[in-house]
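Scroll down for the structure; my scribbles are underneath it.
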Amino acid sequence: MPTITIDGQEIVVAEGTTVIQAAEKLGIYIPRYCYHPGLSIAGSCRLCMVEIEKMPKLQISCHIRVQDGMRVTTNSEKAVQARRAMLEFLLIDHPLDCPVCDQSGECELQNFYMEIGRYDSRFLDNKIKRKKAYPIGPHVILDQERCILCSRCVRFTDEVSRTHELGIFERGDRSVIDLYPGKRLDNKYSGNVIDICPVGALLERDFRFQCRVWYLQSQESICNGCARGCNTQIHYNTARPYKSQGRRILRLRPRFNPFVNRWWLCDEGRYGYEFINKNRIEYPYLRQAGQLELSDWDAALEETTRALKTALEQYGPESIGVIASPQLSNEDLYLIRKIFGELMGVKDIGFKSPWEKPGYQDDFLIRADKNPNSRGAEEMGLTSDVRTILESTGAGRIKVLYVFQHNFNAPEALELLRDTSVIIYQGTNWNQTAERAHVVLPSATYAEKDGTFTNFEGRIQRFRRAVPPLEESKTDFEILSLLAERLEYPLVYSDPGDLYMEWRGQSYEEMDPYGEMLG
């Protein structure tokens, strides 16, 4: 393998490695626009030029492969001057509307110019006018005047989504990015072009003018939209909620994981977070005189405890049915198994709704199973048949049905639930099951708690709390712990990390950042 020296640091890399990749292994960042590790090499922006010993001209580091003994200087005066000239060229027709651009604060053109740019403009002529912000799809707005023709978006639609909506049209200084005639950017991965655009040319319609990025906070998480478990960043705003009309979660962005989703995220997962902001169950409820009435935690937990104890004492554990959810974390499912299965002796614990139909699936990221933790529920052994549990409820054998998250809105399911003695619903959002419950316990979404999901391949991945639970809702861990205390069961867990330690024999801190495989 060749040995290369970059800015005085020596490194051994594999054959075929480019200079820009070798520099990144050393922690040296070379400015770039057109280069992206998930796309083919275009070599068009010329910003990543470096000086290489014994080569008479500067070379673009994204394209040139390393050779044994190569000596590279990334920040020589010659290289910096070339970048400064390229930035001046790119800014000739750029509108310089940073104060009103949503990309401001995340813009690589802005950042590199502030670092190495030419601050006294020599351009005196009028700028070429192009089409300003207009929608090119359900999620993306294009501003041609801000485009620097890096071609990342074109290569993405050609090489990754393979839907071929975008191209470069015209020639010379009249060149523009645009849709092909009759096309619309509505593929299932269209939001990724926003992520990879280095400037403010491609913007998110839902996020536009909602919040300045410097007010955003970020937390690492896992997408709950399907069994793939794509790694994400949750961008939220709790410091200044008036800046975003009260919305707490403002957008999701993909987070690199080489084993799961690499750099990408589907639109289904990217825009599937609104349930965190809307239609939430914010307070406990109890059914009184046939109507759900606002209650408090003491009364709701007391009624839940009374119903469970009565069923156990009068009819035994076979009179209780539990329907867990594949939307719950491994830690929550483990605690359900511990309390209901091991301590109470309940046998009827399932999770898979027979009325939930498989969704769309492709050969890239999207899975037909729209739950993040079906594999985890299976590994916990919570595999009783849900239809049988509901039939036993309808027949009167099961007196207390404890439901987590599920919305049983199919006519057959609603009929089976009609004569249930007691339904306890623990979930995040209002649905038809919650509206038929006798006790409603408001729980936190995945963005409001800590835990892990196990994806369809058996990879356990951690997600972290971004925002606190909404109003009086509590995490499932807190609710189940309070319930266990009232049932007089000796549990000594202080947080979900204790459950993970008992289940897996290791702490969160010992987890691989890309996730642990089952086994």
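Every chain in the structure tokens has a letter given in the order shown (A, B, ...), and although residue numbers restart at 1 in each chain, ligands are simply numbered from 1 in the order shown.
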Handout entry: Contact residues around Asp476 (chain A) with only C-alpha atoms at 8 Å, ignoring same-chain residues under 6 positions, as a PyMOL selection string
Key = chain A and resi 332+443-444
Practice task
Please provide as a ChimeraX atom specification all residues within 7 Å of region 278-284 of chain A, with the sequence filter that same-chain residues fewer than 4 positions apart are discarded (counting only C-alpha atoms).
Solution key: /A:274,294-297,300,428-430,440-442,470-473
Exercise for the section: DSSP on the backbone, then: every residue of region 215-313 of chain A marked helix (DSSP H, G or I), written as a PyMOL selection string. Expected result: chain A and resi 215+241-244+267-270+274-276+297-313
What would the file look like if the residues just selected were written as a JSON list (two decimals), in the first residue's frame with C-alpha atoms?
[["chain", "number", "residue", "atom", "x", "y", "z"],
["A", 215, "TYR", "CA", -31.56, 28.68, 16.85],
["A", 241, "PRO", "CA", -40.19, 28.33, 20.29],
["A", 242, "TYR", "CA", -41.75, 31.61, 19.16],
["A", 243, "LYS", "CA", -39.24, 31.56, 16.29],
["A", 244, "SER", "CA", -41.00, 28.50, 14.80],
["A", 267, "ASP", "CA", -38.78, 11.19, 2.29],
["A", 268, "GLU", "CA", -41.20, 8.91, 4.15],
["A", 269, "GLY", "CA", -38.94, 8.93, 7.19],
["A", 270, "ARG", "CA", -37.73, 12.51, 6.74],
["A", 274, "GLU", "CA", -45.37, 15.55, 12.52],
["A", 275, "PHE", "CA", -47.08, 13.10, 14.89],
["A", 276, "ILE", "CA", -44.59, 14.39, 17.51],
["A", 297, "TRP", "CA", -51.63, 10.64, 37.17],
["A", 298, "ASP", "CA", -52.51, 9.48, 40.68],
["A", 299, "ALA", "CA", -56.10, 8.69, 39.77],
["A", 300, "ALA", "CA", -55.21, 7.10, 36.43],
["A", 301, "LEU", "CA", -52.51, 4.86, 37.90],
["A", 302, "GLU", "CA", -54.75, 3.97, 40.85],
["A", 303, "GLU", "CA", -57.51, 2.83, 38.48],
["A", 304, "THR", "CA", -55.00, 0.89, 36.36],
["A", 305, "THR", "CA", -53.59, -0.82, 39.47],
["A", 306, "ARG", "CA", -57.08, -1.63, 40.79],
["A", 307, "ALA", "CA", -58.16, -3.19, 37.48],
["A", 308, "LEU", "CA", -55.01, -5.35, 37.19],
["A", 309, "LYS", "CA", -55.10, -6.49, 40.83],
["A", 310, "THR", "CA", -58.81, -7.33, 40.66],
["A", 311, "ALA", "CA", -58.34, -9.40, 37.49],
["A", 312, "LEU", "CA", -55.38, -11.26, 39.01],
["A", 313, "GLU", "CA", -57.12, -12.00, 42.29]]
Exercise for the section: Find the residues around Ala434 (chain A) up to 10 Å (only C-alpha atoms counted), leave out those fewer than 5 positions away in its own chain, and share them as a ChimeraX atom specification. Expected result: /A:281,285,292,403-408,423-429,439-442
Handout entry: Selected residue of minimal separation from Asp369 (chain A) among A:Thr73, A:Ser221, A:Gln9, A:Asn455, counting only C-alpha atoms
Key =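 For Asp369 (chain A), the nearest of the candidates is A:Asn455.
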Handout entry: Non-local contacts of Glu356 (chain A) (12 Å; only C-alpha atoms; under 4 positions in same chain excluded) as a list in words
Key =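 These residues fall inside the cut-off: Ser325, Pro326, Phe351, Lys352, Ala368, Asp369, Lys370, Asn371, Val386, Arg387, His406, Asn407, Phe408, Asn409, Ala410 and Ala413 of chain A.
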Problem - Nearest candidate to Gln217 (chain A) (options A:Arg174, A:His438, A:Arg251, A:Arg205; using only C-alpha atoms) - result: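 Answer, going by the shortest atom-to-atom distance: A:Arg251.
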Any chance you could tabulate, as a tab-separated table, the residues of region 123-230 of chain A at most 12 Å from region 84-97 of chain A with each one's nearest atom pair and distance in Å to one decimal, using only C-alpha atoms, in chain and rising number order?
residue	atom	partner	partner_atom	distance
A:Phe123	CA	A:Ile92	CA	6.7
A:Leu124	CA	A:Ile92	CA	9.4
A:Asp125	CA	A:Ile92	CA	9.0
A:Asn126	CA	A:Asp93	CA	8.3
A:Lys127	CA	A:Asp93	CA	4.8
A:Ile128	CA	A:Asp93	CA	5.9
A:Lys129	CA	A:Asp93	CA	8.0
A:Arg130	CA	A:Asp93	CA	9.5
A:Lys131	CA	A:Pro95	CA	11.7
A:Lys132	CA	A:Pro95	CA	10.2
A:Asp143	CA	A:Pro95	CA	10.3
A:Gln144	CA	A:His94	CA	9.5
A:Glu145	CA	A:His94	CA	6.1
A:Arg146	CA	A:His94	CA	5.6
A:Cys147	CA	A:His94	CA	7.7
A:Ile148	CA	A:Leu90	CA	6.4
A:Leu149	CA	A:Leu90	CA	9.3
A:Cys150	CA	A:Leu90	CA	10.5
A:Asp173	CA	A:Asp93	CA	8.8
A:Arg174	CA	A:Asp93	CA	10.2
A:Ser175	CA	A:Asp93	CA	11.5
A:Val176	CA	A:Asp93	CA	11.9
A:Val199	CA	A:His94	CA	10.4
A:Gly200	CA	A:Asp97	CA	9.7
A:Ala201	CA	A:His94	CA	10.4
Exercise for the section: Tell me, as a ChimeraX atom specification, which residues lie within 8 Å of Glu220 (chain A), counting only C-alpha atoms; anything in the same chain fewer than 6 positions away does not count. Expected result: /A:231-234,255,463-464
